[in-house]
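J.: Please find one structure pasted underneath; my questions will follow.
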Amino acid sequence: MDHRSGCPINLSLEVFGDRWSLIVIRDMMFGNRRHFNELLAKSDEGIASNVLADRLQRLVSLGMISRAPDPSHKQKVLYSLTEPAIQLVPVLAHLGAWGRRHLPVSRELSVRAELLERGGPEFWDRFMDELREQHLGIPRPPGEPSAFGELRAAYEAELARA
């Protein structure tokens with residue numbers, strides 16, 4: 001792949017600068033969506049199937065996600081975040097915090113961003129450990145509370161209020 005420059009911001013935008021790549025990673029990360037149909041049907045933004053297929057293929061080729069046969073179903077493929085994608089948690093936390101401050105967000109869709117912002121690096125590390133366990137099979141430290149569970153509970157509580 002030819003790059004426009006060696007600038008780290010430019011190179012990052014070459015990976016994530018389209019409309020859908022970070023959304024796919026977000027849905028895998030925060031929604032634990034690991035199958036094509038889950039990513040397609042549960043997309044709040046309404047991604048088209050051909051666009052989703054293209055982004056998944058591109059993210060696999062860039063090493064951001066991996067693709068493997070699903071051991072629970074012969075005809076399904078299981079997508080997993082790789083370590084470089086998991087390390088995007090702080091980036092997504094900062095993007096969410098910025099969006100909450102400057103854009104007309106909905107309460108139910110911004111509650112996880114608020115929790116990530118309040119939790120800071122300690123919470124992000126716990127969440128990344130949990131993602132490593134879910135996607136890479138690396139056990140997280142014993143006795144750690146579930147960051148994913150806290151994020152899901154905050155979102156579900158806000159949905160119930162709405």
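Each chain in the structure tokens gets a letter, A, B, ..., in the order shown, and its residues are numbered from 1; ligands are numbered from 1 in order too.
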I need the residues in segment 27-107 of chain A that are alpha helix (DSSP H) according to DSSP; give them as JSON, numbers by chain.
T.: {"A": [27, 28, 29, 30, 31, 36, 37, 38, 39, 40, 41, 49, 50, 51, 52, 53, 54, 55, 56, 57, 58, 59, 60, 61, 83, 84, 85, 86, 89, 90, 91, 92, 93, 94, 95, 96, 97, 98, 99, 100, 101, 102, 107]}
J.: Might you pull out every residue within 10 Å of Pro145 of chain A, with only C-alpha atoms counted and same-chain residues fewer than 6 positions away left off, and present them as a short mmCIF file (atom, residue, chain, number, x, y, z; two decimals) with N, CA and C atoms, in the first residue's frame?
T.:
```cif
data_model
loop_
_atom_site.label_atom_id
_atom_site.label_comp_id
_atom_site.auth_asym_id
_atom_site.auth_seq_id
_atom_site.Cartn_x
_atom_site.Cartn_y
_atom_site.Cartn_z
N ARG A 126 -8.86 -1.81 32.33
CA ARG A 126 -9.74 -2.94 32.69
C ARG A 126 -10.54 -3.40 31.48
N PHE A 127 -11.09 -2.42 30.74
CA PHE A 127 -11.89 -2.75 29.56
C PHE A 127 -11.03 -3.45 28.50
N GLU A 130 -10.44 -6.97 29.42
CA GLU A 130 -11.64 -7.77 29.15
C GLU A 130 -11.80 -8.06 27.66
#
```
J.: Closest to Ala41 of chain A among A:Asp27, A:Pro90, A:Leu159, A:Leu62, using only C-alpha atoms?
T.: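 Once distances to Ala41 of chain A are computed over only C-alpha atoms, the minimum belongs to A:Asp27.
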J.: Got a sec: who's within 8 Å of segment 139-141 of chain A, counting only C-alpha atoms, leaving out chain neighbours fewer than 3 positions off, as a ChimeraX atom specification?
T.: /A:129-130,132-133,144
J.: Include N, CA, C and O atoms and write out the residues we just selected as a JSON list (two decimals), in the first residue's frame.
T.:
```json
[["chain", "number", "residue", "atom", "x", "y", "z"],
["A", 129, "ASP", "N", -8.34, -5.20, 29.04],
["A", 129, "ASP", "CA", -8.07, -6.56, 29.52],
["A", 129, "ASP", "C", -9.24, -7.49, 29.23],
["A", 129, "ASP", "O", -9.07, -8.63, 28.83],
["A", 130, "GLU", "N", -10.44, -6.97, 29.42],
["A", 130, "GLU", "CA", -11.64, -7.77, 29.15],
["A", 130, "GLU", "C", -11.80, -8.06, 27.66],
["A", 130, "GLU", "O", -12.17, -9.17, 27.26],
["A", 132, "ARG", "N", -9.34, -8.28, 25.56],
["A", 132, "ARG", "CA", -8.31, -9.29, 25.25],
["A", 132, "ARG", "C", -8.81, -10.69, 25.61],
["A", 132, "ARG", "O", -8.55, -11.65, 24.89],
["A", 133, "GLU", "N", -9.53, -10.78, 26.71],
["A", 133, "GLU", "CA", -10.08, -12.08, 27.10],
["A", 133, "GLU", "C", -11.14, -12.54, 26.10],
["A", 133, "GLU", "O", -11.11, -13.68, 25.63],
["A", 144, "GLU", "N", -11.15, -8.92, 38.87],
["A", 144, "GLU", "CA", -11.45, -7.61, 38.29],
["A", 144, "GLU", "C", -12.92, -7.54, 37.94],
["A", 144, "GLU", "O", -13.44, -8.43, 37.28]]
```
J.: Mind pulling up the distance from atom CA of Val15 of chain A to atom CA of Asp2 of chain A?
T.: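 Result for atom CA of Asp2 of chain A versus atom CA of Val15 of chain A: 12.2 Å, one decimal.
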J.: Near Glu156 of chain A, counting only C-alpha atoms, which residues have an atom at most 10 Å away, once you skip same-chain residues fewer than 6 positions from it, shown as a PyMOL selection string?
T.: chain A and resi 108+111+150+162
J.: Could the residues in this selection be saved with C-alpha atoms as a tab-separated table (two decimals), in the first residue's frame?
T.:
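This went into result13.tsv:
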```tsv
chain	number	residue	atom	x	y	z
A	108	GLU	CA	-28.74	6.83	25.83
A	111	VAL	CA	-23.85	7.27	28.54
A	150	GLU	CA	-20.63	-1.71	33.69
A	162	ALA	CA	-35.89	6.94	28.01
```
J.: Check the smallest atom-to-atom distance from each of A:Ala147, A:Gly46, A:Asn32, A:Gln87 to Gly119 of chain A using only C-alpha atoms, then report the winner.
T.: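 Closest to Gly119 of chain A, using only C-alpha atoms: A:Ala147.
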J.: Using only C-alpha atoms, which protein or nucleic acid residues come within 7 Å of His135 of chain A? Drop anything in the same chain fewer than 4 positions from it, and give the result as a short mmCIF file (atom, residue, chain, number, x, y, z; two decimals) with all heavy atoms, in the first residue's frame.
T.:
```
data_model
loop_
_atom_site.label_atom_id
_atom_site.label_comp_id
_atom_site.auth_asym_id
_atom_site.auth_seq_id
_atom_site.Cartn_x
_atom_site.Cartn_y
_atom_site.Cartn_z
N SER A 80 -12.91 -11.06 15.33
CA SER A 80 -12.34 -10.70 16.63
C SER A 80 -11.46 -9.47 16.47
O SER A 80 -10.80 -9.30 15.44
CB SER A 80 -11.47 -11.84 17.17
OG SER A 80 -12.25 -12.99 17.40
N LEU A 81 -11.44 -8.65 17.50
CA LEU A 81 -10.53 -7.52 17.53
C LEU A 81 -9.12 -8.04 17.74
O LEU A 81 -8.91 -9.00 18.48
CB LEU A 81 -10.90 -6.57 18.67
CG LEU A 81 -12.28 -5.92 18.61
CD1 LEU A 81 -12.60 -5.22 19.93
CD2 LEU A 81 -12.37 -4.95 17.46
N LEU A 131 -11.51 -7.07 26.82
CA LEU A 131 -11.56 -7.29 25.37
C LEU A 131 -10.51 -8.32 24.94
O LEU A 131 -10.78 -9.16 24.07
CB LEU A 131 -11.34 -5.97 24.62
CG LEU A 131 -12.48 -4.96 24.71
CD1 LEU A 131 -12.04 -3.61 24.15
CD2 LEU A 131 -13.72 -5.47 24.01
#
```
J.: Give me the residues within 9 Å of Ser49 of chain A as an MDAnalysis selection string, counting only C-alpha atoms and dropping any in the same chain fewer than 4 places off.
T.: chainID A and resid 36:37 40 53:54
J.: Using the selection just defined, write its residues with N, CA and C atoms as a compact mmCIF listing (two decimals), in the first residue's frame.
T.:
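Listing of part.txt after writing:
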```
# COMPACT_ATOMS: atom_id res chain seq x y z
N PHE A 36 -21.22 -11.25 11.04
CA PHE A 36 -21.65 -10.33 10.00
C PHE A 36 -23.10 -9.88 10.21
N ASN A 37 -24.01 -10.83 10.41
CA ASN A 37 -25.43 -10.47 10.54
C ASN A 37 -25.71 -9.62 11.76
N LEU A 40 -24.59 -6.15 10.86
CA LEU A 40 -25.49 -5.56 9.87
C LEU A 40 -26.83 -5.17 10.50
N ALA A 53 -19.31 -5.64 4.29
CA ALA A 53 -18.42 -6.69 3.78
C ALA A 53 -17.07 -6.09 3.38
N ASP A 54 -17.11 -4.94 2.72
CA ASP A 54 -15.88 -4.28 2.31
C ASP A 54 -15.05 -3.84 3.51
```
J.: When you look at Trp20 of chain A with a cut-off of 8 Å (counting only C-alpha atoms), what residues show up, excluding the ones that are within fewer than 5 positions of it in the same chain? I need them as a list in words.
T.: Ile47, Leu52 and Arg55 of chain A
J.: Next, the residues of the selection above should be written as a tab-separated table (two decimals), in the first residue's frame with N, CA and C atoms.
T.:
```tsv
chain	number	residue	atom	x	y	z
A	47	ILE	N	-25.64	0.57	8.22
A	47	ILE	CA	-24.61	0.25	7.24
A	47	ILE	C	-25.17	-0.73	6.19
A	52	LEU	N	-20.43	-3.05	4.64
A	52	LEU	CA	-19.95	-3.82	5.79
A	52	LEU	C	-18.97	-4.90	5.34
A	55	ARG	N	-15.68	-3.24	4.51
A	55	ARG	CA	-14.94	-2.76	5.69
A	55	ARG	C	-14.37	-3.92	6.49
```
J.: Looking only at the backbone, which of the residues in chain A does DSSP tag as strand (DSSP E or B), as a ChimeraX atom specification?
T.: /A:65-69,77-81
J.: Would you mind exporting C-alpha atoms of the selected residues as a compact mmCIF listing (two decimals), in the first residue's frame?
T.:
```
# COMPACT_ATOMS: atom_id res chain seq x y z
CA ILE A 65 -9.60 -7.60 13.19
CA SER A 66 -9.24 -11.31 12.53
CA ARG A 67 -11.64 -13.70 10.86
CA ALA A 68 -12.03 -17.38 11.77
CA PRO A 69 -14.65 -20.12 11.42
CA VAL A 77 -17.50 -16.62 10.63
CA LEU A 78 -16.39 -15.08 13.92
CA TYR A 79 -14.67 -11.69 13.80
CA SER A 80 -12.34 -10.70 16.63
CA LEU A 81 -10.53 -7.52 17.53
```
J.: One decimal, Å: what's the distance from atom CA of Glu117 of chain A over to atom CA of Gly99 of chain A, could you say?
T.: 11.4 Å
J.: When distances are computed from only C-alpha atoms, which of A:Met64, A:Leu115, A:Ile138, A:Ala157 shows the smallest separation from Met28 of chain A?
T.: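 Nearest to Met28 of chain A: A:Met64.
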J.: What is the distance between atom CA of Ile25 of chain A and atom CA of Glu45 of chain A, in Å to one decimal?
T.: 13.4 Å
